[in-house]
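Asks: Sharing a structure here in structure tokens format.
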Amino acid sequence: MTAETISGKQAEAKNEPTVRNTFPVTGMSCAGCAASVESTLKNTEGVMAANVNFANNSAQLEYAQALSPTELQNALRSAGYDLIIEEENAEEVQRDIQQQHYQQTRLDTLGAAALTLPIFITGMFFPDWQVGRWVSLVLSIPVLFWFGRRFFINAIKQARHKQVNMDTLVALSTGVAFLFSLFNTFLPQFWTQQGLEPHVYYEAATVIITFILLGKLLEERAKSQTSSAIKKLIGLQPQTLIVIRNNQEEEIDIAAVVVNDIVLVRPGEKVPVDGVIVEGESFVDESMLTGEPLAVEKLPNEPVFAGTINQKGSFRIRATKIGSETRLAQIIQQVREAQGSKAPVQKLVDKIAGIFVPIVLGIAIVTFVVWMLAGGENALTHALLAAISVLVIACPCALGLATPTAIMVGVGRGAENNILIKDAESLELAHKVDTVVLDKTGTITEGKPVVTDLHWLNQDKLELNRSILLALEAQSEHPLAEAVVKQLQQDSVQPTQLSGFTSLTGRGAQATFSDGQTYYVGSRKLIKEQSIPLSDELNFQIKAFDNQAKTVVFFASSEQVLAVIAIADKLKETSKSAICDLQRQGISVQMLTGDSQGTAQAIANAVGISQYQAEVMPEDKANCVEKLQQQGKTVAMVGDGINDSQALAQADVSIAMGQGSDIAMDVAKMTITTSNLQAIPKALKLSRKTVRGIRQNLFWAFIYNLIGIPIAAGVLYPINGFLLDPMIAGGAMALSSVSVVMNSLRLRTTKI
């Protein structure tokens, strides 16, 4: 949480300084809640501006310096929400509260379901059992007024602020059904004396509560997992480090390090701060920044970055950036901002509810008044029955089921096809995707260097030369050496004994065999230094490897080149076909990579991508996604590394490859559990079919209301004397719910 004193427009008029601050908000369960929180804060005296973000549960406020955060908190609490104003660990407190809320919702859902089941069985199969009515009454009280108390509390708080939402309709429909049933349980003779059957609707009230709670539970489960990516990114930075002070090694907390401290980084450790190497050399895994699989050689005066991983060497660095200034800290902040900057998808149900709820209430009131004025002898009876029928038939059970049931089936179908979907928002939004941005390494390619070609120029003493090459590479620290060792071991080659091994920084390595001959393995630079000749035929072969974006390693004796080894990050077998499938669907496919221009071009040409960018840093990837969004594109980002996390968070739909980093999978809303890229076009097809199912569900949910509400209000009574009984209204409500569930289940057999 950060605060900044500034001068706002309204404050300038009063010559008052203002404060800008970001506070975590708790208690929001839908986009409508965010609007309510924003309205409440804006109407608080002293608040100049308020921007509430439901995606990351935060409120950005500009308010008069004289206004204390406690006053803001009290204003929000009166509306049923809360503001976390603690300076220390505010986000941790927010996560704890969210987790507690999730656990409470889970207990409420399980408790409501356990008590609703016998009520439902009694009401549906034994409606005339008098004892069953009393049993249902006793069981329904805790369902409504304990497990479902949140709906009534929120409805009352909304009413205080002259607002209504879905909680209002849930509370009214279930409350009226319960009170009407309670009256019929204690005073059934009121209706029997008028020749009417006194029905009870305990099962309708409790089923509504249980199903709506289930939908809330699914939402809370998704939201409770959103912050884990940030926590894992923070975990990349070690908590302690070793500094050299007064020529002594001293282990200190990372918060105690200062700029220009000399820091020791040992083999296998994470670099704790950004700095410049002053002594030593090593290879450093910078995949968290670049996404590229090869570790980078680091020599004195070269920069290293916090969170990257040292390989086998040891070195000392002079700290240049610490704390929030490091590259890792900037990535963390940008991921946090990207996650929060996206406007949440305004669910269609929430949009309709803002209009639907007051309309239903208005119809129920008008129905009651009209029947009281024109109902004749049985005016009160007809007015009560008609008004209750309107509220019961318009209950949001089918509305509450429309999205969750389709999403649940869609998520299940995705899992069957190696697509793990984290939340409903991404599944709903994916059908709009018109641009897919692919990371290269680990997404289009395998993500690890392998030997693609091992070209022996001299067949004499081949077995011995292979053994010498294996022995040389086995002692080398270079990351490419591992690929050569692995290839030779697969060919059952056994290493021989060498002496005088020497690592040649930036060039390769050399060693001597028992016959006194010196052998070399490394770059072209090393071969030129040793004046080892390269034939025209060999140069032609090397140029061919270069054009294919392969790294060339030479193996030579002091007299001649013995072998040329080509190493590359291989394409996945399904990459080209998956990209073609996306393009056939009319989706633009682009590639981003931190690799060189030549490598990027070779890969793009191989898979049929015309738009690509090379040598991009993590923040550049996020900026590329943002630029596409500014052009009106709906962007899906597919990646697998820490370096992709900012772009994944920024994208409209984020997809992680399951073989990648935990952080990428946490940030992403979808995870492909296989390396098969064909799952991506399948995921987009699944989204289209799921959204179609949701829209069909909403149609069925509302068609009953469009037809049933006028009938429940009594429009047919003047024509044929028909007045809808609340029991039939409850049945119609149940039928709409059944139709919604059945339609959702059709997704299980749909081909994607």
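In the structure tokens, chains take the letters A, B, ... in the order shown, each chain's residues start at 1, and ligands count up from 1 in the order shown.
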From the DSSP assignment of the backbone, select every residue of region 42-262 of chain A that is strand (DSSP E), and format the answer as a list of chain:residue names.

Replies: A:Val47, A:Met48, A:Ala49, A:Ala50, A:Asn51, A:Val52, A:Asn53, A:Ser58, A:Ala59, A:Gln60, A:Leu61, A:Glu62, A:Tyr63, A:Ala64, A:Asp82, A:Leu83, A:Thr240, A:Leu241, A:Ile242, A:Val243, A:Ile244, A:Arg245, A:Gln248, A:Glu249, A:Glu250, A:Glu251, A:Ile252, A:Asp253, A:Ile262

Asks: Dump N, CA and C atoms for the selected residues as a compact mmCIF listing (two decimals), in the first residue's frame?

Replies:
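Here's the written file out06.txt:
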# COMPACT_ATOMS: atom_id res chain seq x y z
N VAL A 47 -13.50 12.85 -0.12
CA VAL A 47 -12.93 12.00 -1.16
C VAL A 47 -13.05 12.72 -2.51
N MET A 48 -11.91 12.93 -3.16
CA MET A 48 -11.89 13.63 -4.45
C MET A 48 -12.14 12.67 -5.62
N ALA A 49 -11.56 11.47 -5.53
CA ALA A 49 -11.70 10.50 -6.62
C ALA A 49 -11.58 9.09 -6.05
N ALA A 50 -12.30 8.16 -6.66
CA ALA A 50 -12.24 6.76 -6.23
C ALA A 50 -12.34 5.86 -7.45
N ASN A 51 -11.46 4.90 -7.52
CA ASN A 51 -11.49 3.92 -8.61
C ASN A 51 -11.34 2.54 -7.99
N VAL A 52 -12.42 1.74 -8.04
CA VAL A 52 -12.43 0.43 -7.41
C VAL A 52 -12.25 -0.64 -8.48
N ASN A 53 -11.33 -1.55 -8.25
CA ASN A 53 -11.04 -2.62 -9.19
C ASN A 53 -11.43 -3.95 -8.59
N SER A 58 -9.13 -3.92 -4.98
CA SER A 58 -8.44 -2.75 -4.44
C SER A 58 -9.20 -1.48 -4.79
N ALA A 59 -8.93 -0.43 -4.00
CA ALA A 59 -9.54 0.89 -4.25
C ALA A 59 -8.43 1.93 -4.29
N GLN A 60 -8.33 2.64 -5.41
CA GLN A 60 -7.39 3.75 -5.52
C GLN A 60 -8.14 5.03 -5.18
N LEU A 61 -7.68 5.71 -4.15
CA LEU A 61 -8.41 6.87 -3.64
C LEU A 61 -7.54 8.11 -3.65
N GLU A 62 -8.18 9.25 -3.91
CA GLU A 62 -7.58 10.56 -3.69
C GLU A 62 -8.50 11.30 -2.73
N TYR A 63 -7.97 11.67 -1.58
CA TYR A 63 -8.82 12.27 -0.56
C TYR A 63 -8.07 13.34 0.21
N ALA A 64 -8.82 14.20 0.90
CA ALA A 64 -8.23 15.29 1.67
C ALA A 64 -7.32 14.74 2.75
N ASP A 82 -15.43 -3.73 3.57
CA ASP A 82 -14.39 -3.30 4.50
C ASP A 82 -13.16 -2.86 3.74
N LEU A 83 -12.41 -1.95 4.38
CA LEU A 83 -11.18 -1.41 3.82
C LEU A 83 -10.05 -1.79 4.76
N THR A 240 18.32 -14.05 2.60
CA THR A 240 19.60 -13.62 3.14
C THR A 240 20.65 -13.65 2.03
N LEU A 241 21.78 -12.99 2.26
CA LEU A 241 22.89 -13.01 1.31
C LEU A 241 24.20 -12.85 2.08
N ILE A 242 25.31 -13.08 1.37
CA ILE A 242 26.63 -12.96 2.00
C ILE A 242 27.33 -11.73 1.42
N VAL A 243 27.68 -10.79 2.28
CA VAL A 243 28.41 -9.60 1.85
C VAL A 243 29.85 -9.68 2.37
N ILE A 244 30.74 -8.99 1.67
CA ILE A 244 32.14 -8.92 2.08
C ILE A 244 32.36 -7.54 2.70
N ARG A 245 32.55 -7.52 4.01
CA ARG A 245 32.79 -6.27 4.73
C ARG A 245 34.03 -6.44 5.61
N GLN A 248 35.77 -9.69 5.47
CA GLN A 248 35.13 -10.83 6.14
C GLN A 248 33.78 -11.12 5.48
N GLU A 249 33.49 -12.44 5.34
CA GLU A 249 32.17 -12.84 4.82
C GLU A 249 31.15 -12.72 5.95
N GLU A 250 30.03 -12.07 5.66
CA GLU A 250 28.99 -11.85 6.68
C GLU A 250 27.62 -12.11 6.06
N GLU A 251 26.87 -13.01 6.67
CA GLU A 251 25.51 -13.29 6.18
C GLU A 251 24.54 -12.31 6.83
N ILE A 252 23.80 -11.58 6.00
CA ILE A 252 22.86 -10.58 6.50
C ILE A 252 21.50 -10.76 5.84
N ASP A 253 20.49 -10.16 6.42
CA ASP A 253 19.15 -10.15 5.82
C ASP A 253 19.19 -9.30 4.56
N ILE A 262 29.69 -5.42 -1.61
CA ILE A 262 30.23 -6.53 -2.39
C ILE A 262 29.55 -7.81 -1.91

Asks: If we count only C-alpha atoms, what is near Gln237 (chain A) at a cut-off of 9 Å, once residues fewer than 6 positions away on the same chain are taken out, given as a PDB file with all heavy atoms, in the first residue's frame?

Replies:
ATOM      1  N   ILE A 254      18.426  -9.692   3.562  1.00  0.00           N
ATOM      2  CA  ILE A 254      18.480  -8.977   2.285  1.00  0.00           C
ATOM      3  C   ILE A 254      18.048  -7.528   2.417  1.00  0.00           C
ATOM      4  O   ILE A 254      18.472  -6.660   1.648  1.00  0.00           O
ATOM      5  CB  ILE A 254      17.623  -9.711   1.219  1.00  0.00           C
ATOM      6  CG1 ILE A 254      17.986  -9.194  -0.171  1.00  0.00           C
ATOM      7  CG2 ILE A 254      16.130  -9.560   1.512  1.00  0.00           C
ATOM      8  CD1 ILE A 254      17.538 -10.062  -1.295  1.00  0.00           C
ATOM      9  N   LYS A 270      20.824 -18.321  -6.018  1.00  0.00           N
ATOM     10  CA  LYS A 270      20.141 -17.268  -6.757  1.00  0.00           C
ATOM     11  C   LYS A 270      20.874 -15.952  -6.522  1.00  0.00           C
ATOM     12  O   LYS A 270      21.325 -15.672  -5.409  1.00  0.00           O
ATOM     13  CB  LYS A 270      18.693 -17.135  -6.292  1.00  0.00           C
ATOM     14  CG  LYS A 270      17.837 -18.352  -6.611  1.00  0.00           C
ATOM     15  CD  LYS A 270      16.466 -18.234  -5.966  1.00  0.00           C
ATOM     16  CE  LYS A 270      15.644 -19.487  -6.237  1.00  0.00           C
ATOM     17  NZ  LYS A 270      14.377 -19.488  -5.489  1.00  0.00           N
ATOM     18  N   VAL A 271      20.981 -15.164  -7.571  1.00  0.00           N
ATOM     19  CA  VAL A 271      21.581 -13.835  -7.430  1.00  0.00           C
ATOM     20  C   VAL A 271      20.611 -12.984  -6.610  1.00  0.00           C
ATOM     21  O   VAL A 271      19.441 -12.846  -6.973  1.00  0.00           O
ATOM     22  CB  VAL A 271      21.841 -13.199  -8.811  1.00  0.00           C
ATOM     23  CG1 VAL A 271      22.426 -11.798  -8.648  1.00  0.00           C
ATOM     24  CG2 VAL A 271      22.771 -14.084  -9.635  1.00  0.00           C
ATOM     25  N   PRO A 272      21.066 -12.397  -5.475  1.00  0.00           N
ATOM     26  CA  PRO A 272      20.119 -11.726  -4.576  1.00  0.00           C
ATOM     27  C   PRO A 272      19.745 -10.299  -4.973  1.00  0.00           C
ATOM     28  O   PRO A 272      18.670  -9.821  -4.622  1.00  0.00           O
ATOM     29  CB  PRO A 272      20.849 -11.740  -3.227  1.00  0.00           C
ATOM     30  CG  PRO A 272      22.300 -11.760  -3.591  1.00  0.00           C
ATOM     31  CD  PRO A 272      22.420 -12.498  -4.886  1.00  0.00           C
ATOM     32  N   VAL A 273      20.642  -9.596  -5.673  1.00  0.00           N
ATOM     33  CA  VAL A 273      20.387  -8.202  -6.059  1.00  0.00           C
ATOM     34  C   VAL A 273      20.932  -7.973  -7.465  1.00  0.00           C
ATOM     35  O   VAL A 273      21.716  -8.767  -7.978  1.00  0.00           O
ATOM     36  CB  VAL A 273      21.060  -7.206  -5.077  1.00  0.00           C
ATOM     37  CG1 VAL A 273      20.449  -7.299  -3.687  1.00  0.00           C
ATOM     38  CG2 VAL A 273      22.566  -7.443  -5.019  1.00  0.00           C
ATOM     39  N   ALA A 306      18.843  -9.889 -10.039  1.00  0.00           N
ATOM     40  CA  ALA A 306      18.228 -10.616  -8.927  1.00  0.00           C
ATOM     41  C   ALA A 306      17.257 -11.670  -9.447  1.00  0.00           C
ATOM     42  O   ALA A 306      16.505 -11.425 -10.391  1.00  0.00           O
ATOM     43  CB  ALA A 306      17.494  -9.643  -8.004  1.00  0.00           C
ATOM     44  N   GLY A 307      17.281 -12.840  -8.815  1.00  0.00           N
ATOM     45  CA  GLY A 307      16.361 -13.912  -9.179  1.00  0.00           C
ATOM     46  C   GLY A 307      16.920 -14.881 -10.193  1.00  0.00           C
ATOM     47  O   GLY A 307      16.406 -15.984 -10.338  1.00  0.00           O
ATOM     48  N   THR A 308      17.990 -14.478 -10.928  1.00  0.00           N
ATOM     49  CA  THR A 308      18.622 -15.405 -11.859  1.00  0.00           C
ATOM     50  C   THR A 308      19.467 -16.404 -11.070  1.00  0.00           C
ATOM     51  O   THR A 308      19.819 -16.159  -9.919  1.00  0.00           O
ATOM     52  CB  THR A 308      19.488 -14.659 -12.887  1.00  0.00           C
ATOM     53  OG1 THR A 308      20.474 -13.879 -12.194  1.00  0.00           O
ATOM     54  CG2 THR A 308      18.631 -13.736 -13.734  1.00  0.00           C
ATOM     55  N   LEU A 328      13.805  -7.875 -10.841  1.00  0.00           N
ATOM     56  CA  LEU A 328      12.804  -8.814 -10.334  1.00  0.00           C
ATOM     57  C   LEU A 328      11.662  -8.075  -9.653  1.00  0.00           C
ATOM     58  O   LEU A 328      10.486  -8.388  -9.870  1.00  0.00           O
ATOM     59  CB  LEU A 328      13.446  -9.802  -9.363  1.00  0.00           C
ATOM     60  CG  LEU A 328      12.494 -10.785  -8.671  1.00  0.00           C
ATOM     61  CD1 LEU A 328      11.785 -11.671  -9.689  1.00  0.00           C
ATOM     62  CD2 LEU A 328      13.253 -11.639  -7.657  1.00  0.00           C
TER      63      LEU A 328
END

Asks: Kindly indicate which residue among A:Lys298, A:Lys669, A:Arg327, A:Arg77 lies nearest to Asn154 (chain A), using only C-alpha atoms for the distances.

Replies: A:Arg77

Asks: What's the 12 Å shell around region 70-76 of chain A, counting only C-alpha atoms, without same-chain residues fewer than 4 positions away, as JSON, numbers by chain?

Replies: {"A": [21, 23, 24, 25, 26, 27, 28, 33, 34, 36, 37, 38, 39, 40, 41, 42, 43, 44, 45, 46, 47, 50, 59, 61, 62, 63, 64, 65, 66, 80, 81, 82, 83, 84, 85, 86, 157, 161]}

Asks: Identify, on the basis of only C-alpha atoms, every residue whose closest approach to Ile707 (chain A) does not exceed 12 Å; exclude the query and any residue fewer than 5 positions from it along the same chain; express the result as a ChimeraX atom specification.

Replies: /A:390,393-394,699-702,712-716,729,732-733,736

Asks: Would you write out those residues with all heavy atoms, as a CSV table (one decimal), in the first residue's frame?

Replies:
chain,number,residue,atom,x,y,z
A,390,VAL,N,-45.7,-14.3,-8.5
A,390,VAL,CA,-44.7,-13.5,-9.3
A,390,VAL,C,-43.3,-13.6,-8.8
A,390,VAL,O,-42.4,-13.8,-9.5
A,390,VAL,CB,-45.2,-12.0,-9.4
A,390,VAL,CG1,-44.1,-11.1,-10.0
A,390,VAL,CG2,-46.4,-11.9,-10.2
A,393,ILE,N,-42.0,-17.4,-9.2
A,393,ILE,CA,-41.7,-17.8,-10.6
A,393,ILE,C,-40.5,-17.0,-11.1
A,393,ILE,O,-39.8,-17.5,-12.0
A,393,ILE,CB,-42.9,-17.6,-11.5
A,393,ILE,CG1,-42.8,-18.6,-12.7
A,393,ILE,CG2,-43.1,-16.2,-12.0
A,393,ILE,CD1,-44.1,-18.7,-13.5
A,394,ALA,N,-40.3,-15.8,-10.6
A,394,ALA,CA,-39.2,-15.0,-11.0
A,394,ALA,C,-37.9,-15.2,-10.2
A,394,ALA,O,-36.9,-14.5,-10.4
A,394,ALA,CB,-39.6,-13.5,-10.9
A,699,PHE,N,-31.5,-17.9,-22.0
A,699,PHE,CA,-32.8,-17.8,-22.8
A,699,PHE,C,-33.8,-18.6,-22.1
A,699,PHE,O,-34.9,-18.1,-21.8
A,699,PHE,CB,-32.6,-18.3,-24.2
A,699,PHE,CG,-33.9,-18.5,-24.9
A,699,PHE,CD1,-34.6,-17.5,-25.5
A,699,PHE,CD2,-34.4,-19.8,-25.1
A,699,PHE,CE1,-35.8,-17.7,-26.2
A,699,PHE,CE2,-35.6,-20.0,-25.7
A,699,PHE,CZ,-36.3,-19.0,-26.3
A,700,TRP,N,-33.5,-19.9,-21.7
A,700,TRP,CA,-34.5,-20.7,-21.0
A,700,TRP,C,-34.8,-20.1,-19.6
A,700,TRP,O,-36.0,-20.2,-19.2
A,700,TRP,CB,-33.9,-22.1,-20.9
A,700,TRP,CG,-33.9,-22.9,-22.1
A,700,TRP,CD1,-32.8,-23.3,-22.8
A,700,TRP,CD2,-35.0,-23.3,-22.9
A,700,TRP,NE1,-33.2,-24.0,-24.0
A,700,TRP,CE2,-34.5,-24.0,-24.0
A,700,TRP,CE3,-36.4,-23.2,-22.7
A,700,TRP,CZ2,-35.4,-24.5,-25.0
A,700,TRP,CZ3,-37.3,-23.7,-23.7
A,700,TRP,CH2,-36.7,-24.4,-24.8
A,701,ALA,N,-33.8,-19.6,-19.0
A,701,ALA,CA,-34.1,-19.0,-17.7
A,701,ALA,C,-35.1,-17.8,-17.8
A,701,ALA,O,-36.0,-17.6,-16.9
A,701,ALA,CB,-32.8,-18.5,-17.0
A,702,PHE,N,-35.0,-17.0,-18.8
A,702,PHE,CA,-35.8,-15.9,-19.0
A,702,PHE,C,-37.1,-16.1,-19.7
A,702,PHE,O,-38.1,-15.4,-19.5
A,702,PHE,CB,-35.1,-14.7,-19.6
A,702,PHE,CG,-34.2,-14.0,-18.7
A,702,PHE,CD1,-32.8,-14.2,-18.8
A,702,PHE,CD2,-34.7,-13.1,-17.8
A,702,PHE,CE1,-32.0,-13.6,-17.9
A,702,PHE,CE2,-33.8,-12.4,-16.9
A,702,PHE,CZ,-32.5,-12.6,-17.0
A,712,ALA,N,-48.6,-15.4,-13.9
A,712,ALA,CA,-48.6,-15.4,-12.4
A,712,ALA,C,-49.3,-14.1,-11.9
A,712,ALA,O,-50.0,-14.1,-10.9
A,712,ALA,CB,-47.2,-15.4,-11.9
A,713,ALA,N,-49.2,-13.0,-12.6
A,713,ALA,CA,-49.8,-11.8,-12.2
A,713,ALA,C,-51.3,-11.8,-12.4
A,713,ALA,O,-52.0,-11.0,-11.9
A,713,ALA,CB,-49.2,-10.6,-13.0
A,714,GLY,N,-51.8,-12.7,-13.2
A,714,GLY,CA,-53.2,-12.9,-13.4
A,714,GLY,C,-53.8,-12.4,-14.7
A,714,GLY,O,-55.0,-12.1,-14.7
A,715,VAL,N,-53.0,-12.2,-15.7
A,715,VAL,CA,-53.6,-11.7,-17.0
A,715,VAL,C,-54.6,-12.6,-17.6
A,715,VAL,O,-55.4,-12.1,-18.4
A,715,VAL,CB,-52.4,-11.4,-18.0
A,715,VAL,CG1,-51.5,-10.3,-17.4
A,715,VAL,CG2,-51.7,-12.6,-18.3
A,716,LEU,N,-54.5,-13.9,-17.3
A,716,LEU,CA,-55.5,-14.8,-17.9
A,716,LEU,C,-56.8,-14.9,-17.1
A,716,LEU,O,-57.8,-15.4,-17.6
A,716,LEU,CB,-54.9,-16.2,-18.0
A,716,LEU,CG,-53.7,-16.4,-18.9
A,716,LEU,CD1,-53.2,-17.9,-18.9
A,716,LEU,CD2,-54.0,-16.0,-20.3
A,729,ALA,N,-46.3,-22.2,-9.9
A,729,ALA,CA,-45.2,-21.3,-10.1
A,729,ALA,C,-43.9,-21.8,-9.7
A,729,ALA,O,-42.8,-21.7,-10.4
A,729,ALA,CB,-45.5,-19.9,-9.4
A,732,ALA,N,-42.8,-24.4,-12.2
A,732,ALA,CA,-42.3,-23.7,-13.4
A,732,ALA,C,-40.9,-23.3,-13.2
A,732,ALA,O,-40.0,-23.4,-14.1
A,732,ALA,CB,-43.2,-22.6,-13.8
A,733,MET,N,-40.7,-22.7,-12.0
A,733,MET,CA,-39.3,-22.3,-11.6
A,733,MET,C,-38.4,-23.5,-11.7
A,733,MET,O,-37.3,-23.5,-12.2
A,733,MET,CB,-39.3,-21.7,-10.3
A,733,MET,CG,-37.9,-21.3,-9.7
A,733,MET,SD,-37.1,-22.6,-8.9
A,733,MET,CE,-38.1,-22.8,-7.4
A,736,SER,N,-37.6,-24.6,-15.2
A,736,SER,CA,-36.6,-23.8,-15.9
A,736,SER,C,-35.2,-24.2,-15.4
A,736,SER,O,-34.3,-24.2,-16.2
A,736,SER,CB,-36.9,-22.3,-15.6
A,736,SER,OG,-36.6,-22.0,-14.2

Asks: So, with only C-alpha atoms as the atoms that count, which of A:Val409, A:Val521, A:Leu464, A:Leu488 lies closest to Thr750 (chain A)?

Replies: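 Selected residue with least distance to Thr750 (chain A): A:Val409.
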
Asks: Counting only C-alpha atoms, which residues of region 386-465 of chain A sit at most 9 Å from some atom of region 360-372 of chain A, and what is each one's closest atom pair with its distance in Å to one decimal, listed by chain and rising residue number, as CSV?

Replies:
residue,atom,partner,partner_atom,distance
A:Ala386,CA,A:Thr367,CA,6.7
A:Ala387,CA,A:Ala364,CA,4.8
A:Ile388,CA,A:Ala364,CA,7.5
A:Ser389,CA,A:Ala364,CA,8.6
A:Val390,CA,A:Ala364,CA,5.9
A:Leu391,CA,A:Ala364,CA,6.7
A:Ala394,CA,A:Val360,CA,7.1

Asks: Keeping only N, CA, C and O atoms, write the selected residues as a short mmCIF file (atom, residue, chain, number, x, y, z; two decimals), in the first residue's frame.

Replies:
data_model
loop_
_atom_site.label_atom_id
_atom_site.label_comp_id
_atom_site.auth_asym_id
_atom_site.auth_seq_id
_atom_site.Cartn_x
_atom_site.Cartn_y
_atom_site.Cartn_z
N ALA A 386 -51.21 -14.02 -6.15
CA ALA A 386 -50.63 -13.52 -7.39
C ALA A 386 -49.27 -12.87 -7.15
O ALA A 386 -48.31 -13.13 -7.90
N ALA A 387 -49.18 -12.06 -6.11
CA ALA A 387 -47.91 -11.39 -5.82
C ALA A 387 -46.83 -12.41 -5.46
O ALA A 387 -45.67 -12.31 -5.91
N ILE A 388 -47.19 -13.39 -4.65
CA ILE A 388 -46.23 -14.43 -4.26
C ILE A 388 -45.83 -15.26 -5.48
O ILE A 388 -44.67 -15.61 -5.66
N SER A 389 -46.81 -15.57 -6.34
CA SER A 389 -46.51 -16.35 -7.55
C SER A 389 -45.51 -15.61 -8.43
O SER A 389 -44.61 -16.22 -9.01
N VAL A 390 -45.67 -14.28 -8.54
CA VAL A 390 -44.74 -13.48 -9.34
C VAL A 390 -43.33 -13.59 -8.78
O VAL A 390 -42.36 -13.82 -9.52
N LEU A 391 -43.21 -13.45 -7.45
CA LEU A 391 -41.88 -13.50 -6.85
C LEU A 391 -41.27 -14.90 -6.94
O LEU A 391 -40.07 -15.05 -7.19
N ALA A 394 -40.28 -15.79 -10.57
CA ALA A 394 -39.16 -14.97 -11.03
C ALA A 394 -37.90 -15.19 -10.22
O ALA A 394 -36.91 -14.49 -10.40
#

Asks: So how far away is CA of Ala474 (chain A) from CA of Ser492 (chain A), in Å?

Replies: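 Answer for the CA of Ser492 (chain A) to CA of Ala474 (chain A) separation: 14.3 Å.
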
Asks: Select, from A:Glu477, A:Asp652, A:Glu197, A:Glu537, the residue with the minimum atom-to-atom distance to Glu425 (chain A), counting only C-alpha atoms.

Replies: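 Between A:Glu477, A:Asp652, A:Glu197, A:Glu537, the residue approaching Glu425 (chain A) most closely is A:Asp652.
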
Asks: Let's see if you can do this: from backbone DSSP, list all helix (DSSP H, G or I) residues in region 594-658 of chain A, as a PyMOL selection string.

Replies: chain A and resi 597-607+618-630+642-650

Asks: With only C-alpha atoms as the atoms that count, which of A:Trp191, A:Phe722, A:Phe305, A:Tyr202 lies nearest to Gly123 (chain A)?

Replies: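 Result for the nearest residue to Gly123 (chain A): A:Tyr202.
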
Asks: Pick out the residues sitting within 10 Å of Arg149 (chain A), and hand them over as a list in words; count only C-alpha atoms, and ignore anything fewer than 5 positions along from it in its own chain.

Replies: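 Using only C-alpha atoms, the neighbours found are Asp108, Pro142, Val143, Leu144, Asn154, Ala155, Ala171 and Ile209 of chain A.
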
Asks: Could you take the residues named above and write them with all heavy atoms, as a compact mmCIF listing (two decimals), in the first residue's frame?

Replies:
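This went into selection_25.txt:
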# COMPACT_ATOMS: atom_id res chain seq x y z
N ASP A 108 -20.88 -23.10 4.59
CA ASP A 108 -22.28 -22.73 4.38
C ASP A 108 -22.92 -23.57 3.28
O ASP A 108 -24.06 -24.02 3.40
CB ASP A 108 -22.38 -21.24 4.02
CG ASP A 108 -22.11 -20.33 5.21
OD1 ASP A 108 -22.13 -20.83 6.36
OD2 ASP A 108 -21.86 -19.14 5.00
N PRO A 142 -32.38 -22.89 9.63
CA PRO A 142 -30.93 -22.67 9.55
C PRO A 142 -30.42 -22.48 8.12
O PRO A 142 -29.43 -21.77 7.90
CB PRO A 142 -30.33 -23.94 10.18
CG PRO A 142 -31.41 -24.96 10.14
CD PRO A 142 -32.69 -24.21 10.24
N VAL A 143 -31.10 -23.12 7.13
CA VAL A 143 -30.66 -22.94 5.74
C VAL A 143 -30.79 -21.49 5.33
O VAL A 143 -29.87 -20.89 4.77
CB VAL A 143 -31.46 -23.85 4.78
CG1 VAL A 143 -31.09 -23.54 3.33
CG2 VAL A 143 -31.19 -25.31 5.08
N LEU A 144 -31.93 -20.89 5.60
CA LEU A 144 -32.18 -19.51 5.18
C LEU A 144 -31.46 -18.50 6.07
O LEU A 144 -30.79 -17.58 5.56
CB LEU A 144 -33.68 -19.21 5.17
CG LEU A 144 -34.40 -19.44 3.84
CD1 LEU A 144 -34.50 -20.93 3.54
CD2 LEU A 144 -35.80 -18.82 3.88
N ASN A 154 -26.97 -8.59 3.08
CA ASN A 154 -26.57 -7.74 1.95
C ASN A 154 -27.75 -7.00 1.35
O ASN A 154 -27.64 -5.84 0.94
CB ASN A 154 -25.88 -8.57 0.87
CG ASN A 154 -24.51 -9.07 1.30
OD1 ASN A 154 -23.92 -8.54 2.24
ND2 ASN A 154 -24.01 -10.10 0.64
N ALA A 155 -28.91 -7.69 1.28
CA ALA A 155 -30.10 -7.05 0.73
C ALA A 155 -30.52 -5.86 1.58
O ALA A 155 -30.90 -4.79 1.06
CB ALA A 155 -31.24 -8.06 0.64
N ALA A 171 -33.12 -12.81 -1.50
CA ALA A 171 -33.70 -12.62 -0.17
C ALA A 171 -35.22 -12.49 -0.23
O ALA A 171 -35.94 -13.07 0.59
CB ALA A 171 -33.09 -11.38 0.49
N ILE A 209 -31.35 -21.11 -2.13
CA ILE A 209 -30.21 -20.73 -1.29
C ILE A 209 -29.01 -21.63 -1.57
O ILE A 209 -27.87 -21.17 -1.75
CB ILE A 209 -30.57 -20.79 0.20
CG1 ILE A 209 -31.61 -19.71 0.56
CG2 ILE A 209 -29.33 -20.66 1.08
CD1 ILE A 209 -31.08 -18.31 0.50

Asks: Of the candidates A:Asp536, A:Ser523, A:Arg584, A:Gly594, which shows the shortest atom-to-atom distance to Val564 (chain A), using only C-alpha atoms?

Replies: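 Of all the options, A:Ser523 lies closest to Val564 (chain A).
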
Asks: One number please: CA of Leu723 (chain A) to CA of Val135 (chain A), in Å, one decimal.

Replies: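 Between CA of Leu723 (chain A) and CA of Val135 (chain A) the gap works out to 29.4 Å.
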